[in-house]
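Coordinates as given in model_29.txt (compact mmCIF, C-alpha atoms):
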```txt
# COMPACT_ATOMS: atom_id res chain seq x y z
CA MET A 1 10.06 19.12 -19.85
CA ASP A 2 8.33 22.31 -20.85
CA PHE A 3 7.68 24.47 -17.78
CA THR A 4 6.68 27.65 -19.64
CA GLY A 5 4.31 25.75 -21.93
CA ALA A 6 2.81 23.91 -18.98
CA TYR A 7 2.31 26.88 -16.67
CA THR A 8 0.10 29.03 -18.92
CA PRO A 9 -2.64 31.09 -17.19
CA ASP A 10 -5.31 28.82 -18.69
CA HIS A 11 -3.67 25.70 -17.32
CA LEU A 12 -3.11 27.24 -13.91
CA LYS A 13 -6.73 28.30 -13.72
CA PHE A 14 -7.85 24.83 -14.81
CA LEU A 15 -5.71 23.20 -12.10
CA PHE A 16 -6.96 25.64 -9.51
CA ASP A 17 -10.58 24.95 -10.49
CA GLY A 18 -9.85 21.28 -10.01
CA PHE A 19 -8.37 21.98 -6.61
CA LEU A 20 -11.52 23.87 -5.60
CA ILE A 21 -13.57 20.78 -6.49
CA THR A 22 -11.15 18.66 -4.42
CA LEU A 23 -11.62 20.98 -1.45
CA LYS A 24 -15.39 21.19 -1.93
CA ILE A 25 -15.84 17.42 -2.09
CA ALA A 26 -13.53 16.92 0.90
CA VAL A 27 -15.32 19.52 3.05
CA ILE A 28 -18.80 18.20 2.23
CA SER A 29 -17.66 14.63 2.89
CA ILE A 30 -15.98 15.41 6.21
CA ILE A 31 -19.06 17.25 7.51
CA ALA A 32 -21.43 14.51 6.39
CA SER A 33 -19.20 11.77 7.75
CA PHE A 34 -18.77 13.56 11.08
CA VAL A 35 -22.54 13.70 11.56
CA ILE A 36 -22.98 10.01 10.71
CA ALA A 37 -19.92 9.04 12.73
CA ALA A 38 -21.16 10.94 15.79
CA ILE A 39 -24.42 8.97 15.74
CA VAL A 40 -22.65 5.65 15.17
CA GLY A 41 -19.94 6.44 17.72
CA VAL A 42 -22.39 7.42 20.47
CA ILE A 43 -24.60 4.38 19.81
CA ARG A 44 -21.59 2.09 20.04
CA TYR A 45 -20.33 3.90 23.15
CA THR A 46 -23.65 3.60 24.97
CA LYS A 47 -23.81 -0.06 23.85
CA ILE A 48 -27.44 0.00 22.75
CA PRO A 49 -28.05 -3.73 22.20
CA VAL A 50 -28.28 -5.17 18.65
CA VAL A 51 -27.91 -1.76 16.91
CA SER A 52 -24.50 -1.36 18.49
CA GLN A 53 -23.35 -4.80 17.32
CA VAL A 54 -24.71 -4.28 13.82
CA PHE A 55 -22.86 -0.96 13.56
CA ALA A 56 -19.69 -2.60 14.88
CA VAL A 57 -19.77 -5.14 12.04
CA ILE A 58 -20.52 -2.51 9.38
CA VAL A 59 -17.73 -0.24 10.63
CA GLU A 60 -15.22 -3.12 10.73
CA VAL A 61 -16.11 -4.18 7.17
CA ILE A 62 -15.90 -0.68 5.68
CA ARG A 63 -12.67 0.18 7.48
CA ASN A 64 -11.04 -2.94 6.10
CA LEU A 65 -11.95 -2.38 2.45
CA PRO A 66 -9.97 -0.30 -0.05
CA LEU A 67 -11.57 3.08 -0.65
CA LEU A 68 -11.11 2.54 -4.38
CA LEU A 69 -13.39 -0.49 -4.18
CA ILE A 70 -16.05 1.57 -2.40
CA ILE A 71 -15.82 4.28 -5.08
CA PHE A 72 -16.11 1.72 -7.88
CA PHE A 73 -18.96 0.05 -6.07
CA THR A 74 -20.92 3.26 -5.52
CA PHE A 75 -20.57 4.43 -9.09
CA PHE A 76 -20.65 1.20 -11.12
CA ALA A 77 -22.43 -1.43 -9.00
CA LEU A 78 -25.20 0.50 -7.29
CA PRO A 79 -26.92 1.45 -10.59
CA GLU A 80 -27.34 -2.29 -11.13
CA ILE A 81 -29.75 -2.37 -8.19
CA GLY A 82 -31.44 0.85 -9.26
CA ILE A 83 -29.44 3.45 -7.32
CA GLU A 84 -28.01 5.95 -9.78
CA MET A 85 -25.97 8.99 -8.83
CA SER A 86 -24.08 11.77 -10.56
CA ILE A 87 -20.28 11.52 -10.52
CA GLU A 88 -20.02 14.20 -7.85
CA MET A 89 -22.68 12.57 -5.68
CA ALA A 90 -21.05 9.14 -6.04
CA ALA A 91 -17.69 10.59 -4.96
CA ILE A 92 -19.27 12.28 -1.93
CA VAL A 93 -21.23 9.17 -0.94
CA ALA A 94 -18.22 6.84 -1.26
CA LEU A 95 -15.87 9.14 0.65
CA THR A 96 -18.52 9.79 3.32
CA ILE A 97 -19.17 6.09 3.91
CA PHE A 98 -15.46 5.35 4.23
CA GLU A 99 -14.64 8.37 6.40
CA ALA A 100 -17.69 7.90 8.64
CA ALA A 101 -16.39 4.44 9.55
CA MET A 102 -12.94 5.85 10.33
CA ILE A 103 -14.22 8.85 12.31
CA SER A 104 -16.75 6.81 14.29
CA GLU A 105 -13.77 4.90 15.71
CA ILE A 106 -12.10 8.19 16.66
CA ILE A 107 -15.28 9.36 18.37
CA ARG A 108 -15.78 6.07 20.18
CA SER A 109 -12.23 5.96 21.51
CA GLY A 110 -12.45 9.65 22.43
CA LEU A 111 -15.56 8.93 24.49
CA ASN A 112 -13.98 5.82 26.01
CA SER A 113 -10.94 7.85 27.08
CA ILE A 114 -13.08 9.84 29.53
CA ASP A 115 -12.87 8.33 33.00
CA LYS A 116 -16.00 6.36 33.92
CA GLY A 117 -15.88 7.97 37.40
CA GLN A 118 -16.99 11.22 35.79
CA ILE A 119 -20.20 9.62 34.54
CA GLU A 120 -20.86 8.21 37.99
CA ALA A 121 -20.19 11.63 39.54
CA GLY A 122 -22.52 13.30 37.03
CA ARG A 123 -25.25 10.73 37.60
CA SER A 124 -25.01 10.92 41.37
CA SER A 125 -25.27 14.71 41.33
CA GLY A 126 -28.68 14.25 39.76
CA LEU A 127 -28.00 14.64 36.01
CA THR A 128 -29.75 12.21 33.67
CA TYR A 129 -27.59 9.90 31.54
CA VAL A 130 -28.13 12.04 28.44
CA GLN A 131 -27.31 15.21 30.38
CA THR A 132 -24.14 13.60 31.71
CA LEU A 133 -23.06 12.66 28.19
CA TRP A 134 -23.92 16.05 26.76
CA HIS A 135 -22.51 18.33 29.49
CA ILE A 136 -19.64 16.30 30.91
CA VAL A 137 -18.37 13.56 28.60
CA LEU A 138 -18.80 15.12 25.14
CA PRO A 139 -17.09 18.49 25.75
CA GLN A 140 -13.97 16.77 27.11
CA ALA A 141 -13.98 14.02 24.51
CA LEU A 142 -14.43 16.52 21.66
CA ARG A 143 -11.22 18.29 22.61
CA ARG A 144 -9.33 15.01 22.37
CA MET A 145 -11.01 14.08 19.08
CA VAL A 146 -10.11 17.24 17.18
CA PRO A 147 -6.45 16.43 16.35
CA PRO A 148 -7.15 12.92 14.94
CA ILE A 149 -10.11 14.29 13.00
CA VAL A 150 -7.87 16.94 11.42
CA SER A 151 -5.45 14.13 10.48
CA GLN A 152 -8.36 12.23 9.01
CA PHE A 153 -9.26 15.30 6.95
CA ILE A 154 -5.71 15.26 5.53
CA SER A 155 -6.23 11.63 4.48
CA LEU A 156 -9.55 12.59 2.97
CA LEU A 157 -8.01 15.41 0.91
CA LYS A 158 -5.45 12.96 -0.44
CA ASP A 159 -8.05 10.25 -1.01
CA THR A 160 -10.23 12.59 -3.07
CA SER A 161 -7.69 12.01 -5.86
CA LEU A 162 -9.00 8.44 -6.20
CA ALA A 163 -12.21 9.87 -7.66
CA VAL A 164 -10.16 10.31 -10.84
CA VAL A 165 -11.33 6.78 -11.71
CA ILE A 166 -14.90 8.01 -12.11
CA ALA A 167 -13.73 11.18 -13.89
CA LEU A 168 -14.63 13.64 -11.16
CA PRO A 169 -13.09 16.92 -12.38
CA GLU A 170 -10.89 17.37 -9.30
CA LEU A 171 -7.21 18.35 -9.21
CA MET A 172 -5.82 14.95 -10.19
CA HIS A 173 -8.24 14.62 -13.09
CA ASN A 174 -7.56 18.12 -14.40
CA ALA A 175 -3.81 17.50 -14.18
CA GLN A 176 -4.30 14.39 -16.31
CA VAL A 177 -6.35 16.35 -18.85
CA ILE A 178 -3.53 18.89 -19.30
CA ASN A 179 -0.94 16.10 -19.41
CA ALA A 180 -2.82 14.44 -22.24
CA GLN A 181 -2.04 17.42 -24.52
CA ASN A 182 1.72 17.14 -24.44
CA VAL A 183 4.05 14.67 -22.75
CA ASN A 184 6.43 17.50 -21.91
CA PHE A 185 3.82 18.98 -19.57
CA ILE A 186 3.60 15.86 -17.39
CA ILE A 187 6.49 16.53 -15.01
CA PRO A 188 5.84 20.26 -14.48
CA ILE A 189 2.10 19.71 -14.00
CA PHE A 190 2.54 16.86 -11.52
CA ILE A 191 5.08 18.88 -9.54
CA LEU A 192 2.64 21.78 -9.30
CA ALA A 193 -0.33 19.53 -8.44
CA ALA A 194 1.72 17.74 -5.76
CA LEU A 195 2.71 21.10 -4.26
CA MET A 196 -0.93 22.22 -4.15
CA TYR A 197 -1.88 19.13 -2.17
CA TRP A 198 1.21 19.48 -0.05
CA VAL A 199 0.73 23.10 1.02
CA VAL A 200 -2.81 22.56 2.31
CA ASN A 201 -2.03 19.23 3.98
CA TYR A 202 1.19 20.44 5.55
CA VAL A 203 -0.55 23.45 7.10
CA LEU A 204 -3.31 21.15 8.38
CA SER A 205 -0.75 18.73 9.83
CA ILE A 206 0.89 21.56 11.74
CA VAL A 207 -2.52 22.60 13.07
CA ALA A 208 -3.18 19.00 14.14
CA ARG A 209 0.17 18.80 15.94
CA ARG A 210 -0.39 22.13 17.75
CA LEU A 211 -3.81 20.96 18.91
CA GLU A 212 -2.34 17.65 20.06
CA LEU A 213 0.26 19.43 22.18
CA LYS A 214 -2.45 21.64 23.66
CA THR A 215 -4.71 18.77 24.62
CA SER A 216 -2.06 16.42 25.99
CA MET B 1 -29.36 -12.90 -4.18
CA LEU B 2 -25.73 -13.18 -5.11
CA ASP B 3 -24.89 -15.30 -8.12
CA PHE B 4 -22.22 -17.65 -6.81
CA SER B 5 -21.51 -19.04 -10.27
CA ILE B 6 -19.61 -15.79 -10.91
CA LEU B 7 -17.30 -16.70 -8.06
CA THR B 8 -16.83 -20.33 -9.06
CA GLU B 9 -16.46 -19.68 -12.79
CA ASN B 10 -13.90 -16.91 -12.28
CA TRP B 11 -12.18 -18.47 -9.30
CA ASP B 12 -8.79 -18.62 -11.04
CA MET B 13 -8.89 -14.94 -11.90
CA TYR B 14 -9.85 -13.96 -8.37
CA ILE B 15 -7.09 -16.12 -6.93
CA GLU B 16 -4.54 -14.67 -9.34
CA GLY B 17 -5.45 -11.16 -8.19
CA PHE B 18 -5.52 -12.27 -4.56
CA ILE B 19 -2.00 -13.68 -4.78
CA ASN B 20 -0.76 -10.60 -6.64
CA THR B 21 -2.20 -8.32 -3.97
CA ILE B 22 -0.48 -10.33 -1.21
CA TYR B 23 2.75 -10.29 -3.22
CA ILE B 24 2.61 -6.52 -3.78
CA SER B 25 1.77 -5.86 -0.13
CA VAL B 26 4.58 -8.05 1.19
CA ILE B 27 7.18 -6.49 -1.13
CA GLY B 28 5.74 -3.10 -0.18
CA LEU B 29 6.04 -3.85 3.53
CA ILE B 30 9.61 -5.14 3.34
CA GLY B 31 10.71 -2.27 1.11
CA SER B 32 9.08 0.43 3.16
CA PHE B 33 10.21 -1.08 6.47
CA VAL B 34 13.85 -1.06 5.38
CA PHE B 35 13.63 2.37 3.81
CA GLY B 36 11.46 3.76 6.63
CA THR B 37 13.92 2.57 9.28
CA ILE B 38 16.79 4.25 7.45
CA LEU B 39 14.76 7.47 7.31
CA ALA B 40 13.91 7.22 11.02
CA VAL B 41 17.58 6.81 11.91
CA PHE B 42 18.35 9.79 9.63
CA ARG B 43 15.84 11.89 11.55
CA ILE B 44 17.45 11.24 14.93
CA ALA B 45 21.09 10.91 13.84
CA PRO B 46 23.50 13.37 15.49
CA PHE B 47 24.16 15.03 12.14
CA LYS B 48 21.97 17.93 11.05
CA PRO B 49 21.93 17.46 7.24
CA LEU B 50 20.69 13.88 7.68
CA ASN B 51 17.93 15.17 9.99
CA TRP B 52 16.86 17.60 7.30
CA ILE B 53 16.77 14.97 4.57
CA GLY B 54 14.70 12.68 6.78
CA THR B 55 12.30 15.42 7.83
CA ILE B 56 11.81 16.81 4.33
CA TYR B 57 11.15 13.34 2.94
CA VAL B 58 8.62 12.43 5.61
CA GLU B 59 6.81 15.77 5.59
CA PHE B 60 6.62 15.81 1.80
CA PHE B 61 5.46 12.29 1.03
CA ARG B 62 3.01 12.04 3.94
CA ASN B 63 1.14 15.05 2.66
CA ILE B 64 0.63 14.23 -1.01
CA PRO B 65 -1.70 11.59 -2.47
CA LEU B 66 -0.26 8.15 -3.17
CA LEU B 67 -1.90 8.29 -6.57
CA ILE B 68 0.16 11.29 -7.67
CA ILE B 69 3.37 9.39 -6.81
CA ALA B 70 2.14 6.39 -8.78
CA PHE B 71 1.14 8.49 -11.81
CA PHE B 72 4.44 10.34 -11.64
CA LEU B 73 6.45 7.11 -11.77
CA PHE B 74 4.21 5.59 -14.42
CA THR B 75 3.66 8.50 -16.80
CA ALA B 76 6.23 11.22 -16.00
CA LEU B 77 9.41 9.14 -15.71
CA PRO B 78 9.11 7.74 -19.26
CA THR B 79 9.38 11.32 -20.58
CA ILE B 80 12.93 11.44 -19.19
CA GLY B 81 13.72 7.95 -20.47
CA ILE B 82 12.93 5.80 -17.42
CA GLN B 83 10.34 3.13 -18.28
CA LEU B 84 8.56 1.30 -15.47
CA ASP B 85 5.66 -1.09 -16.03
CA GLY B 86 2.49 -0.69 -13.98
CA PHE B 87 3.53 -3.29 -11.46
CA LYS B 88 6.95 -1.79 -10.76
CA ALA B 89 5.71 1.80 -10.76
CA GLY B 90 2.81 0.94 -8.46
CA THR B 91 4.86 -1.08 -6.00
CA LEU B 92 7.60 1.53 -5.92
CA ALA B 93 4.99 4.25 -5.30
CA LEU B 94 3.59 2.22 -2.40
CA ILE B 95 7.09 1.90 -0.91
CA ILE B 96 7.88 5.60 -1.34
CA TYR B 97 4.57 6.60 0.26
CA THR B 98 4.41 4.04 3.07
CA SER B 99 8.02 4.49 4.18
CA ALA B 100 7.18 8.07 5.23
CA PHE B 101 4.58 6.68 7.66
CA ILE B 102 6.76 3.80 8.82
CA ALA B 103 9.64 6.23 9.43
CA GLU B 104 7.40 8.10 11.88
CA ALA B 105 6.38 4.88 13.64
CA VAL B 106 9.98 3.68 13.93
CA ARG B 107 11.13 7.08 15.14
CA ALA B 108 8.49 7.05 17.88
CA GLY B 109 9.69 3.57 18.84
CA ILE B 110 13.32 4.67 18.98
CA LEU B 111 12.49 7.76 21.03
CA SER B 112 10.62 5.54 23.52
CA VAL B 113 13.89 3.81 24.43
CA PRO B 114 15.38 5.82 27.35
CA LYS B 115 18.30 8.03 26.37
CA GLY B 116 20.40 6.61 29.19
CA GLN B 117 20.67 3.35 27.28
CA THR B 118 22.23 5.04 24.27
CA GLU B 119 24.63 6.89 26.54
CA ALA B 120 25.52 3.70 28.42
CA ALA B 121 26.14 1.83 25.16
CA ARG B 122 28.19 4.66 23.70
CA SER B 123 30.33 4.98 26.84
CA SER B 124 30.99 1.24 26.88
CA GLY B 125 32.69 1.72 23.55
CA LEU B 126 30.02 0.85 20.96
CA THR B 127 29.86 3.01 17.84
CA TYR B 128 26.66 4.92 17.05
CA ILE B 129 25.62 2.33 14.45
CA GLN B 130 26.35 -0.57 16.83
CA THR B 131 24.34 1.14 19.55
CA MET B 132 21.40 1.49 17.17
CA ASN B 133 21.61 -2.09 15.88
CA LEU B 134 22.34 -3.90 19.12
CA VAL B 135 20.70 -1.79 21.83
CA VAL B 136 18.07 0.66 20.61
CA LEU B 137 16.38 -0.95 17.59
CA PRO B 138 15.71 -4.38 19.21
CA GLN B 139 13.84 -2.65 22.05
CA ALA B 140 12.09 -0.18 19.77
CA ILE B 141 10.67 -2.97 17.62
CA LYS B 142 8.20 -4.01 20.33
CA ILE B 143 6.52 -0.62 20.22
CA VAL B 144 6.76 -0.44 16.44
CA ILE B 145 5.01 -3.73 15.65
CA PRO B 146 1.36 -2.61 16.10
CA PRO B 147 1.70 0.55 13.94
CA LEU B 148 3.64 -1.55 11.43
CA GLY B 149 0.71 -3.96 11.33
CA ASN B 150 -1.60 -1.02 10.65
CA GLN B 151 0.62 0.08 7.80
CA PHE B 152 0.49 -3.42 6.38
CA ILE B 153 -3.31 -3.27 6.39
CA ASN B 154 -3.06 0.10 4.63
CA LEU B 155 -0.68 -1.43 2.10
CA VAL B 156 -3.15 -4.22 1.31
CA LYS B 157 -5.90 -1.63 0.81
CA ASN B 158 -3.71 0.88 -1.02
CA SER B 159 -2.36 -1.78 -3.36
CA SER B 160 -5.73 -1.43 -5.11
CA ILE B 161 -4.40 1.72 -6.81
CA LEU B 162 -2.35 -0.57 -9.02
CA THR B 163 -5.67 -1.19 -10.75
CA ILE B 164 -5.40 2.31 -12.22
CA LEU B 165 -2.01 1.32 -13.68
CA ALA B 166 -3.51 -1.98 -14.95
CA ALA B 167 -1.13 -4.07 -12.86
CA GLY B 168 -3.10 -7.25 -12.17
CA ASP B 169 -3.97 -6.79 -8.48
CA LEU B 170 -7.20 -8.07 -6.93
CA MET B 171 -9.30 -5.02 -7.81
CA TYR B 172 -8.02 -5.04 -11.38
CA GLN B 173 -8.95 -8.70 -11.79
CA ALA B 174 -12.43 -7.89 -10.50
CA ASP B 175 -12.66 -5.17 -13.11
CA LEU B 176 -11.70 -7.65 -15.82
CA ILE B 177 -14.29 -10.15 -14.57
CA SER B 178 -17.00 -7.50 -14.57
CA THR B 179 -16.25 -6.46 -18.15
CA ARG B 180 -16.34 -10.12 -19.18
CA THR B 181 -19.54 -11.08 -17.37
CA PHE B 182 -21.38 -7.73 -17.64
CA VAL B 183 -22.08 -8.01 -13.90
CA THR B 184 -20.61 -5.50 -11.46
CA PHE B 185 -22.58 -5.74 -8.21
CA ASP B 186 -21.87 -9.42 -7.46
CA VAL B 187 -18.32 -9.25 -8.79
CA TYR B 188 -17.48 -6.37 -6.44
CA ILE B 189 -19.14 -8.04 -3.44
CA PHE B 190 -16.96 -11.12 -3.99
CA VAL B 191 -13.81 -9.04 -4.40
CA ALA B 192 -14.70 -7.23 -1.16
CA LEU B 193 -14.80 -10.64 0.56
CA PHE B 194 -11.32 -11.43 -0.74
CA TYR B 195 -9.99 -8.18 0.71
CA LEU B 196 -11.71 -8.84 4.04
CA VAL B 197 -10.16 -12.32 4.23
CA LEU B 198 -6.81 -10.51 4.26
CA THR B 199 -7.54 -7.39 6.30
CA ILE B 200 -9.90 -8.58 9.06
CA PRO B 201 -7.44 -11.13 10.55
CA LEU B 202 -4.68 -8.53 10.29
CA SER B 203 -6.65 -5.85 12.10
CA THR B 204 -7.80 -8.32 14.75
CA GLY B 205 -4.15 -9.27 15.28
CA VAL B 206 -3.06 -5.65 15.52
CA ASN B 207 -5.83 -4.90 18.05
CA TYR B 208 -4.72 -7.85 20.16
CA LEU B 209 -1.07 -6.74 20.09
CA GLU B 210 -2.04 -3.17 20.98
CA LYS B 211 -4.01 -4.35 24.00
CA ARG B 212 -1.20 -6.62 25.15
CA LEU B 213 1.33 -3.84 24.78
CA ALA B 214 -0.90 -1.43 26.73
CA LYS B 215 -1.12 -4.00 29.55
CA SER B 216 2.61 -4.71 29.64
CA ASN B 217 3.30 -1.01 30.13
```

Can I see the file as structure tokens?
Amino acid sequence: MDFTGAYTPDHLKFLFDGFLITLKIAVISIIASFVIAAIVGVIRYTKIPVVSQVFAVIVEVIRNLPLLLIIFFTFFALPEIGIEMSIEMAAIVALTIFEAAMISEIIRSGLNSIDKGQIEAGRSSGLTYVQTLWHIVLPQALRRMVPPIVSQFISLLKDTSLAVVIALPELMHNAQVINAQNVNFIIPIFILAALMYWVVNYVLSIVARRLELKTS
Amino acid sequence: MLDFSILTENWDMYIEGFINTIYISVIGLIGSFVFGTILAVFRIAPFKPLNWIGTIYVEFFRNIPLLIIAFFLFTALPTIGIQLDGFKAGTLALIIYTSAFIAEAVRAGILSVPKGQTEAARSSGLTYIQTMNLVVLPQAIKIVIPPLGNQFINLVKNSSILTILAAGDLMYQADLISTRTFVTFDVYIFVALFYLVLTIPLSTGVNYLEKRLAKSN
């Protein structure tokens, strides 16, 4: 173990750069997947025929597959049918597809948790169905969805490390690059990398718990 | 169209990976259930240092990527003289990671058993460990089964990281097949089907149990 050799300014900067990529990919993916999930979740909630069932099947399939398989598939299999992406794009697409399926379930169950009587009340006071959803159901449901979505973001931050298999230069990958120089760096570098993930995720998990207490 | 000859010609390899993935997941579940239950009991035991150990463990391992644990066991431990092959390192990483989640599920189950029962058992002369084993844990298990099922699904999916350690799981076998046949798209679609054969029945079962539990309350 060589802590002083491992923690040189160059190495620390390299790790930190990797962590910025991790954060960037995670933030882009969570925003993209929230938008997709909101559409899928609302369509499944309102039970629009056919589309709703098709989405249900797609969501079930994606949720039940390993993320690693989806990453491999996006980067290695899609080019075979003519869809080629950069490493960064493939990572974002794979994470977004997987997370959108997860978050759409959160959104759907958030919407379902709002008492049906409220919709009836909204409708009978003259609001249209869309108005009822927008002004009455969504604001309440959103509050309940925030804590599980924060938890999902923690999973996403951890899952970004899987993109190491397609050589995305995120934290895990950069740690491996430094480790390849000298076996004595491996333990110190992994400890530091683990702590970087831990600090951000632990803070987020506290935020999620606070929000949960507030909403319940 | 999918080329089904890839499936039939490499059937043995797929099945080998399929069985390995089941094997890894089952060992992972048993290991992390035992270890997770111990951690859960640590977290609620009437002895502060045990609480701290339990809490630190859970809060640490829940918040770091599984992959970093796996890499640590596989590449860092050999530098201090502990050699683990990909299979052992990967399975151990799965257990270390998953037990943090199972500990939380078991703890929630234990806390759902009314305190009066513990007090009643203790005042009728049972020791703390007897109370846990005979009174609290059997009741807690009912609430713990659905989240445990979810963790098993996660284990099946997460076992794919053993691919990165070249440990012969389903995803790894698919990788081998694709390098041998020069086909990736079809090979991955078939491997996805193998995963779904495992995970879809499990998640349907967990959903059913969750609904039944919600009704019985």

Using all atoms listed in the file, find each residue in chain B having at least one atom no more than 6 Å away from chain A; report its shortest atom-to-atom pair and that distance in Å (one decimal), rows by chain then rising number, as a tab-separated table.
```
residue	atom	partner	partner_atom	distance
B:Asn63	CA	A:Trp198	CA	5.2
B:Ile64	CA	A:Trp198	CA	5.4
B:Pro65	CA	A:Lys158	CA	4.5
B:Ala76	CA	A:Ile187	CA	5.4
B:Lys157	CA	A:Pro66	CA	4.4
B:Thr184	CA	A:Ala77	CA	5.1
B:Phe185	CA	A:Ala77	CA	4.4
B:Thr199	CA	A:Asn64	CA	5.7
```

Problem set entry | Selection: 9 Å around region 98-103 of chain B, only C-alpha atoms, excl. self and same-chain fewer than 3 positions, as a ChimeraX atom specification | /B:28-29,31-41,43,54,57-62,66,93-95,106-108,144,147-148,151,154-155

Seminar exercise, completed: Between CA of Gly5 (chain A) and CA of Gln181 (chain A) lies a distance of 10.8 Å

Residue list as an mmCIF file with C-alpha atoms, in the coordinates of the input for point (-6.0, -3.0, -8.6), cut-off 10 Å, all atoms listed in the file:
```cif
data_model
loop_
_atom_site.group_PDB
_atom_site.id
_atom_site.type_symbol
_atom_site.label_atom_id
_atom_site.label_comp_id
_atom_site.auth_asym_id
_atom_site.auth_seq_id
_atom_site.Cartn_x
_atom_site.Cartn_y
_atom_site.Cartn_z
ATOM 1 C CA PRO A 66 -9.970 -0.300 -0.050
ATOM 2 C CA LEU A 68 -11.110 2.540 -4.380
ATOM 3 C CA LEU A 69 -13.390 -0.490 -4.180
ATOM 4 C CA GLY B 17 -5.450 -11.160 -8.190
ATOM 5 C CA ASN B 20 -0.760 -10.600 -6.640
ATOM 6 C CA THR B 21 -2.200 -8.320 -3.970
ATOM 7 C CA PHE B 87 3.530 -3.290 -11.460
ATOM 8 C CA GLY B 90 2.810 0.940 -8.460
ATOM 9 C CA LYS B 157 -5.900 -1.630 0.810
ATOM 10 C CA ASN B 158 -3.710 0.880 -1.020
ATOM 11 C CA SER B 159 -2.360 -1.780 -3.360
ATOM 12 C CA SER B 160 -5.730 -1.430 -5.110
ATOM 13 C CA ILE B 161 -4.400 1.720 -6.810
ATOM 14 C CA LEU B 162 -2.350 -0.570 -9.020
ATOM 15 C CA THR B 163 -5.670 -1.190 -10.750
ATOM 16 C CA ILE B 164 -5.400 2.310 -12.220
ATOM 17 C CA LEU B 165 -2.010 1.320 -13.680
ATOM 18 C CA ALA B 166 -3.510 -1.980 -14.950
ATOM 19 C CA ALA B 167 -1.130 -4.070 -12.860
ATOM 20 C CA GLY B 168 -3.100 -7.250 -12.170
ATOM 21 C CA ASP B 169 -3.970 -6.790 -8.480
ATOM 22 C CA LEU B 170 -7.200 -8.070 -6.930
ATOM 23 C CA MET B 171 -9.300 -5.020 -7.810
ATOM 24 C CA TYR B 172 -8.020 -5.040 -11.380
ATOM 25 C CA GLN B 173 -8.950 -8.700 -11.790
ATOM 26 C CA ALA B 174 -12.430 -7.890 -10.500
ATOM 27 C CA ASP B 175 -12.660 -5.170 -13.110
#
```

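With CA of Gly122 (chain A) on one side and CA of Leu138 (chain A) on the other, the separation reads 12.6 Å.
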
For this session: Just give me the gap between CA of Val135 (chain B) and CA of Gln117 (chain B) in Å, one decimal is fine.
Result: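 Atom-to-atom, CA of Val135 (chain B) to CA of Gln117 (chain B), that is 7.5 Å.
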
Exercise. At most 8 Å from (-14.8, 14.5, 15.7), file frame, only C-alpha atoms: which residues, as number ranges by chain?
Worked result: A: 34, 38, 103, 106-107, 142, 145-146, 148-149

Only C-alpha atoms, please: the residues just picked out, written as a PDB file, keeping the file's coordinate frame.
```
ATOM      1  CA  PHE A  34     -18.770  13.560  11.080  1.00  0.00           C
ATOM      2  CA  ALA A  38     -21.160  10.940  15.790  1.00  0.00           C
ATOM      3  CA  ILE A 103     -14.220   8.850  12.310  1.00  0.00           C
ATOM      4  CA  ILE A 106     -12.100   8.190  16.660  1.00  0.00           C
ATOM      5  CA  ILE A 107     -15.280   9.360  18.370  1.00  0.00           C
ATOM      6  CA  LEU A 142     -14.430  16.520  21.660  1.00  0.00           C
ATOM      7  CA  MET A 145     -11.010  14.080  19.080  1.00  0.00           C
ATOM      8  CA  VAL A 146     -10.110  17.240  17.180  1.00  0.00           C
ATOM      9  CA  PRO A 148      -7.150  12.920  14.940  1.00  0.00           C
ATOM     10  CA  ILE A 149     -10.110  14.290  13.000  1.00  0.00           C
TER      11      ILE A 149
END
```

List the spatial neighbours of Ala37 (chain A) as a CSV table (one decimal) with C-alpha atoms, in the frame of the given file - criterion: any atom at most 6 Å away, all atoms listed in the file, same-chain residues fewer than 3 positions off excluded.
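Final file, out27.csv:
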```
chain,number,residue,atom,x,y,z
A,33,SER,CA,-19.2,11.8,7.8
A,34,PHE,CA,-18.8,13.6,11.1
A,40,VAL,CA,-22.6,5.6,15.2
A,41,GLY,CA,-19.9,6.4,17.7
A,100,ALA,CA,-17.7,7.9,8.6
A,103,ILE,CA,-14.2,8.8,12.3
A,104,SER,CA,-16.8,6.8,14.3
```

For this session: Find the residues near Ile206 (chain A): any atom within 10 Å, counting only C-alpha atoms, skip ones fewer than 6 places away on the same chain, and give them as a PyMOL selection string.
Result: chain A and resi 150-151+212

Seminar exercise, completed: Between B:Leu2, B:Trp11, B:Val183, B:Ile96, smallest distance to Ile30 (chain B) by only C-alpha atoms belongs to B:Ile96

Could you name the residues that touch Ala32 (chain A) at 8 Å or less, counting all atoms listed in the file, but leaving out those on the same chain fewer than 3 positions away, as an mmCIF file with C-alpha atoms, in the coordinates of the input?
```cif
data_model
loop_
_atom_site.group_PDB
_atom_site.id
_atom_site.type_symbol
_atom_site.label_atom_id
_atom_site.label_comp_id
_atom_site.auth_asym_id
_atom_site.auth_seq_id
_atom_site.Cartn_x
_atom_site.Cartn_y
_atom_site.Cartn_z
ATOM 1 C CA ILE A 28 -18.800 18.200 2.230
ATOM 2 C CA SER A 29 -17.660 14.630 2.890
ATOM 3 C CA VAL A 35 -22.540 13.700 11.560
ATOM 4 C CA ILE A 36 -22.980 10.010 10.710
ATOM 5 C CA THR A 96 -18.520 9.790 3.320
ATOM 6 C CA ALA A 100 -17.690 7.900 8.640
#
```

Problem set entry | Closest of B:Ile27, B:Val191, B:Leu198, B:Asn51 to Lys88 (chain B) - atom-to-atom distances counting all atoms listed in the file | B:Ile27

Please write a file for region 71-75 of chain B, taken from the block I just shared, that holds C-alpha atoms and is laid out as a compact mmCIF listing (two decimals), in the first residue's frame.
```txt
# COMPACT_ATOMS: atom_id res chain seq x y z
CA PHE B 71 -13.19 -4.79 -7.75
CA PHE B 72 -11.81 -4.28 -4.27
CA LEU B 73 -12.13 -7.97 -3.42
CA PHE B 74 -10.87 -9.07 -6.81
CA THR B 75 -7.95 -6.70 -7.40
```
